[in-house]
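Structure first, commentary second.
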Amino acid sequence: MSATATAELAPAPPPGIPIARARREPTRSWPLADRIGFLLSWVVGIGLCLIALAIVLFMLVKGIAYLRPSLLVQSPAPSIKQSQSGGFLDPIEGTLIVATVGIAIAAPTGIALGTWLAEYGQPRSLARALESAVEIIAGAPSVVLALFGLLIFDQGYLGFLSTTAAGGGVYGRSFFAAGAIMAVLALPLIVGTTREALVRLPNHLREASLGLGRTRITTVRRVLLPAIRGDMATGAALGLGRIIGDTAIITILLGTVLQLGPVGHVPVYSTLRGTGSTLTTYIYANSPAGEGSAPQKAYAAAFLLLLIVLALNGIVTWLSGRGVSPAERGSAFKFLRFEWFALPWTR
Amino acid sequence: MPPPVRRIQVDREPHVAPARAASNGAVAGASPAAVATRLRSARAPSVHVRERMRIESVWLAYGENWVVRDVSLPVRQGEVLAMIGASGSGKTTLLRSLNRLTEITTGAARAGNITLDGQDIHELEVNELRRRVTMVFQQPNPFPMSIFDNVAYALAERPARGRRRRRSPQIEEAVADALHRAGLYDEVAGDLERSALRLSGGQQQRLCIARALAAEPEVLLLDEPCSALDPISTATIEELIVQLRDSVAIVIVTHNLQQAFRVADHVAFMHLGELVEYGTSEQVFDRPVMERTRDYISGAFG
């Protein structure tokens, strides 16, 4: 194909010829208002960086001083003496469980909703209603969502998802309840990213697939969703960050007990039915703002939480910075291949 | 030291000998002009001409805007039909209506009949129709997958229920065959797992053709397939089109009159939604009957 022989081409201009490179435009020639705006942008930008840096450094200094490996493996214990009040193994576990339950519900639902909004959206009125609903949830404070959750999960027929007292009263606080409402909290982020990414995809991809006689659902599943895999991962990671950082839902719907409180003896189910706490509520409870019994441990836990969130952010940046082509993708995230969506009825 | 000058060789001598390129369709080093003369001179009318589609008094609209008005045309296998005309003449809409891709657009309406092998296409299941009448678009639009997966995606037969590894020998053979027919196989055979997005524009477009051929269509629709490509890739694809016309009916929309003359057996000239003139390409280009055709071909408008 290539009749052009690149070998003949000179690699660079010979030395001696002055090379002009594009420089940033000097602001001297700008109107005054633009220059003020420019200056303000810099001030605000650098200010934000400094604040972020200060938070990280503050938590680093405070946290590192108290963070011991033993804290990560010991369960918290009720004691006034700090030396006997244990570590925060259970809150770490709680954070992981809530995040897993929440994202396991939110990711498929959110992706499905976002896909429906972007690719189908018929009838229009239903799509508009769904959009408004998602916006309302996105704007609702998590405390409100948590109260709503409590209303649902202490219904008698949902007793199997939490603890039922002897009189038949349902406690309504469990990993199931907290995870489900956390999913609602994360849902708008996932719906939004999925939808935006699909809308951004060029129409010719859809036409190409339809023009080959493939159905719309096949087009979605085998062309469009794989093409936005990075965006879906970004949405999921953003939702995960939201879940890990939330306190109100845990306070209201997880019981905020020190240690995991499984109900019954079925391995996974009993834990999910039971109560617990997460790092956020642990921090709150131990900080001077809460009962204030162990501020040092609060700092250590906060530092750990910050690390987790930073790591998540890193993953988001990494995922969203990758190319669209799955063939060019590394193997670390092979598990995100959306052959998982290879459901028999969509062919 | 000035950059080296690379002159484009333009071969103005007509090749009288039928120098159809090797069967892989590669035209390495050949200039577009040489290919053009070769295409015309090497072309004998195909022996097995057979009507596949018939467009009968078709009207097409987006909303209230009728963009195709009362057009009747035959589409024959063994022939290339080119549709020419200025922008907004309705030729692309007409092309898209042949596999009902117009229906994706909301508000699309139609009147009149289009038949495929005697069957009304609006009575066929739409996805079956689109497998039998596949389309290649203006912009090369490979899917963001490997070369192999791009072609395998279009295969008519479904992969075995046993899922995951969809690599039965039949599928591999079908993919290789489609790539051969599109004249791309030799260039990509080394690494079919490479991302299709890494191919050059011309290769991508031939991949799209391979994909369209993999569905074993009866009619192949090409919507300005070369407008985004360089002259050498264009020549390769034109040669390919002429090769393919025996096995599949081809309809091509093009803005490039030379291209229409080079590849087409029949030419339909459309203007403002109406079919102005239809005839063999020699007749339309050399002895146009209608005033508007003459004006368009001589560059008076459009």
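Lettering and numbering for the structure tokens are positional, with chains as A, B, ... in the shown order, residues counted from 1 in each chain, and ligands counted from 1 in the shown order.
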Considering only C-alpha atoms, tabulate each residue of chain B that lies at most 6 Å from chain A along with its nearest interatomic pair and the corresponding distance in Å to one decimal; arrange the rows by chain and ascending residue number and present them as CSV.
```
residue,atom,partner,partner_atom,distance
B:Ala28,CA,A:Met1,CA,5.0
B:Gly29,CA,A:Ala3,CA,5.8
B:Asn127,CA,A:Gly213,CA,4.3
B:Arg130,CA,A:Gly213,CA,4.1
B:Arg131,CA,A:Gly213,CA,4.3
B:Thr134,CA,A:Leu212,CA,5.3
B:Met135,CA,A:Gly211,CA,5.4
B:Pro144,CA,A:Ser325,CA,4.9
B:Met145,CA,A:Ala327,CA,5.8
B:Ser146,CA,A:Ala327,CA,5.8
B:Ser195,CA,A:Ala327,CA,5.2
```
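Shell of Ala133 in chain A at 12 Å, with only C-alpha atoms counted and residues fewer than 5 places along the chain excluded, is Leu113, Leu126, Ala127, Arg128, Ala138, Gly139, Ala140, Val184, Leu187, Pro188 and Val191 of chain A.
The gap separating CA of Ala214 in chain B from CA of Glu238 in chain B is 18.8 Å, in Å to one decimal.
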Self-check item: Interatomic distance (Å, one decimal) between CA of Ile121 in chain B and CA of Arg50 in chain B
Solution: 17.9 Å
Quiz item: Any idea what's packed within 10 Å of Leu275 in chain B, counting only C-alpha atoms, ignoring anything in its chain fewer than 6 positions away? Could you give it as a PyMOL selection string?
Solution: chain B and resi 68-73+83-85+89-91+268-269
Please produce a file of those selected residues containing N, CA and C atoms, as a PDB file, in the first residue's frame.
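What ended up in part-v3.pdb:
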```pdb
ATOM      1  N   VAL B  68     -37.641  12.263  -1.707  1.00  0.00           N
ATOM      2  CA  VAL B  68     -37.550  11.418  -2.903  1.00  0.00           C
ATOM      3  C   VAL B  68     -38.947  11.362  -3.506  1.00  0.00           C
ATOM      4  N   ARG B  69     -39.047  11.641  -4.804  1.00  0.00           N
ATOM      5  CA  ARG B  69     -40.362  11.765  -5.430  1.00  0.00           C
ATOM      6  C   ARG B  69     -40.473  10.824  -6.616  1.00  0.00           C
ATOM      7  N   ASP B  70     -41.311   9.832  -6.436  1.00  0.00           N
ATOM      8  CA  ASP B  70     -41.714   8.980  -7.539  1.00  0.00           C
ATOM      9  C   ASP B  70     -40.536   8.424  -8.333  1.00  0.00           C
ATOM     10  N   VAL B  71     -39.691   7.684  -7.651  1.00  0.00           N
ATOM     11  CA  VAL B  71     -38.514   7.123  -8.318  1.00  0.00           C
ATOM     12  C   VAL B  71     -38.742   5.642  -8.592  1.00  0.00           C
ATOM     13  N   SER B  72     -38.421   5.212  -9.798  1.00  0.00           N
ATOM     14  CA  SER B  72     -38.461   3.792 -10.142  1.00  0.00           C
ATOM     15  C   SER B  72     -37.117   3.401 -10.734  1.00  0.00           C
ATOM     16  N   LEU B  73     -36.552   2.321 -10.216  1.00  0.00           N
ATOM     17  CA  LEU B  73     -35.237   1.880 -10.684  1.00  0.00           C
ATOM     18  C   LEU B  73     -35.132   0.366 -10.523  1.00  0.00           C
ATOM     19  N   MET B  83     -25.607   6.094  -8.216  1.00  0.00           N
ATOM     20  CA  MET B  83     -26.570   7.182  -8.114  1.00  0.00           C
ATOM     21  C   MET B  83     -25.782   8.459  -7.924  1.00  0.00           C
ATOM     22  N   ILE B  84     -25.987   9.392  -8.825  1.00  0.00           N
ATOM     23  CA  ILE B  84     -25.280  10.654  -8.745  1.00  0.00           C
ATOM     24  C   ILE B  84     -26.299  11.777  -8.607  1.00  0.00           C
ATOM     25  N   GLY B  85     -25.787  12.931  -8.222  1.00  0.00           N
ATOM     26  CA  GLY B  85     -26.673  14.071  -8.036  1.00  0.00           C
ATOM     27  C   GLY B  85     -26.104  14.997  -6.985  1.00  0.00           C
ATOM     28  N   SER B  89     -30.239  15.773  -3.151  1.00  0.00           N
ATOM     29  CA  SER B  89     -31.044  15.268  -4.250  1.00  0.00           C
ATOM     30  C   SER B  89     -31.801  14.009  -3.847  1.00  0.00           C
ATOM     31  N   GLY B  90     -31.557  13.509  -2.619  1.00  0.00           N
ATOM     32  CA  GLY B  90     -32.319  12.355  -2.141  1.00  0.00           C
ATOM     33  C   GLY B  90     -31.675  11.025  -2.437  1.00  0.00           C
ATOM     34  N   LYS B  91     -30.483  11.031  -3.007  1.00  0.00           N
ATOM     35  CA  LYS B  91     -29.907   9.743  -3.395  1.00  0.00           C
ATOM     36  C   LYS B  91     -29.517   8.901  -2.192  1.00  0.00           C
ATOM     37  N   ALA B 268     -27.837   6.495 -12.372  1.00  0.00           N
ATOM     38  CA  ALA B 268     -29.101   7.189 -12.176  1.00  0.00           C
ATOM     39  C   ALA B 268     -28.765   8.587 -11.685  1.00  0.00           C
ATOM     40  N   PHE B 269     -29.253   9.593 -12.389  1.00  0.00           N
ATOM     41  CA  PHE B 269     -29.000  10.966 -11.977  1.00  0.00           C
ATOM     42  C   PHE B 269     -30.243  11.499 -11.289  1.00  0.00           C
TER      43      PHE B 269
END
```
Quiz item: Among range 74-253 of chain B, which residues carry a DSSP assignment of helix (DSSP H, G or I), reported as number ranges by chain?
Solution: B: 91-97, 101-104, 126-132, 147-154, 169-181, 185-188, 196-198, 201-214, 231-244
Quiz item: Of the candidates B:Gln203, B:Gln283, B:Ser298, B:Thr92, which one gets nearest to Ile147 in chain B if we count only C-alpha atoms?
Solution: B:Gln203
Self-check item: For Pro69 in chain A: contacts at 12 Å, only C-alpha atoms, fewer than 5 positions along chain excluded, given as a VMD selection string
Solution: chain A and resid 64 74 86 to 89 300 to 301 304
Practice problem: From range 249-316 of chain A, collect each residue whose DSSP state is strand (DSSP E or B) and return the set as a PyMOL selection string. | Solution: chain A and resi 255+261+275-276
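Around Phe303 in chain A, within 9 Å and counting only C-alpha atoms, the residues found are A:Val56, A:Met59, A:Leu60, A:Lys62, A:Gly63, A:Ile64, A:Leu67, once anything fewer than 6 positions away on its own chain is removed.
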Exercise. Extract, using only C-alpha atoms, all DNA, RNA and protein residues at most 12 Å from Ser83 in chain A, discarding same-chain residues fewer than 3 positions from it, and format them as an NGL selection string.
Key: :A and (66 or 70-71 or 74 or 76-80 or 86-87 or 293-294 or 296-297)
Give me a file of those residues, with C-alpha atoms, as a PDB file, in the first residue's frame.
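out.pdb, written as the output of this step:
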```pdb
ATOM      1  CA  TYR A  66      -1.519   6.514  65.220  1.00  0.00           C
ATOM      2  CA  SER A  70      -2.550  -4.055  64.716  1.00  0.00           C
ATOM      3  CA  LEU A  71      -5.411  -1.601  64.280  1.00  0.00           C
ATOM      4  CA  GLN A  74      -8.254  -6.117  65.708  1.00  0.00           C
ATOM      5  CA  PRO A  76     -13.104  -2.776  68.149  1.00  0.00           C
ATOM      6  CA  ALA A  77     -14.025  -3.375  71.764  1.00  0.00           C
ATOM      7  CA  PRO A  78     -16.130  -1.309  74.135  1.00  0.00           C
ATOM      8  CA  SER A  79     -13.672   0.193  76.566  1.00  0.00           C
ATOM      9  CA  ILE A  80     -12.906   3.614  77.912  1.00  0.00           C
ATOM     10  CA  GLY A  86      -9.167  -2.527  69.857  1.00  0.00           C
ATOM     11  CA  GLY A  87      -8.688  -1.670  66.227  1.00  0.00           C
ATOM     12  CA  SER A 293     -13.453   8.624  73.235  1.00  0.00           C
ATOM     13  CA  ALA A 294     -10.597   7.905  70.843  1.00  0.00           C
ATOM     14  CA  GLN A 296      -6.339   9.187  67.636  1.00  0.00           C
ATOM     15  CA  LYS A 297      -8.052   6.130  66.294  1.00  0.00           C
TER      16      LYS A 297
END
```
Within 9 Å of Arg54 in chain B using only C-alpha atoms, minus same-chain residues under 4 positions, as a compact mmCIF listing (two decimals) with C-alpha atoms, in the first residue's frame:
```
# COMPACT_ATOMS: atom_id res chain seq x y z
CA SER B 72 -38.46 3.79 -10.14
CA LEU B 73 -35.24 1.88 -10.68
CA PRO B 74 -34.06 -1.71 -11.13
CA VAL B 75 -31.11 -3.05 -9.12
CA ARG B 76 -29.35 -5.89 -10.84
CA ASN B 113 -42.97 -0.38 -3.42
CA ILE B 114 -39.51 -1.79 -3.08
CA THR B 115 -39.10 -5.48 -3.72
CA LEU B 116 -36.21 -7.83 -3.07
CA ASP B 117 -36.37 -10.92 -5.24
CA GLY B 118 -40.05 -10.24 -5.77
```
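Between His266 in chain B and the residues B:Gln243, B:Thr106, B:Gln77, B:Asn65, the shortest atom-to-atom distance, using only C-alpha atoms, involves B:Gln77.
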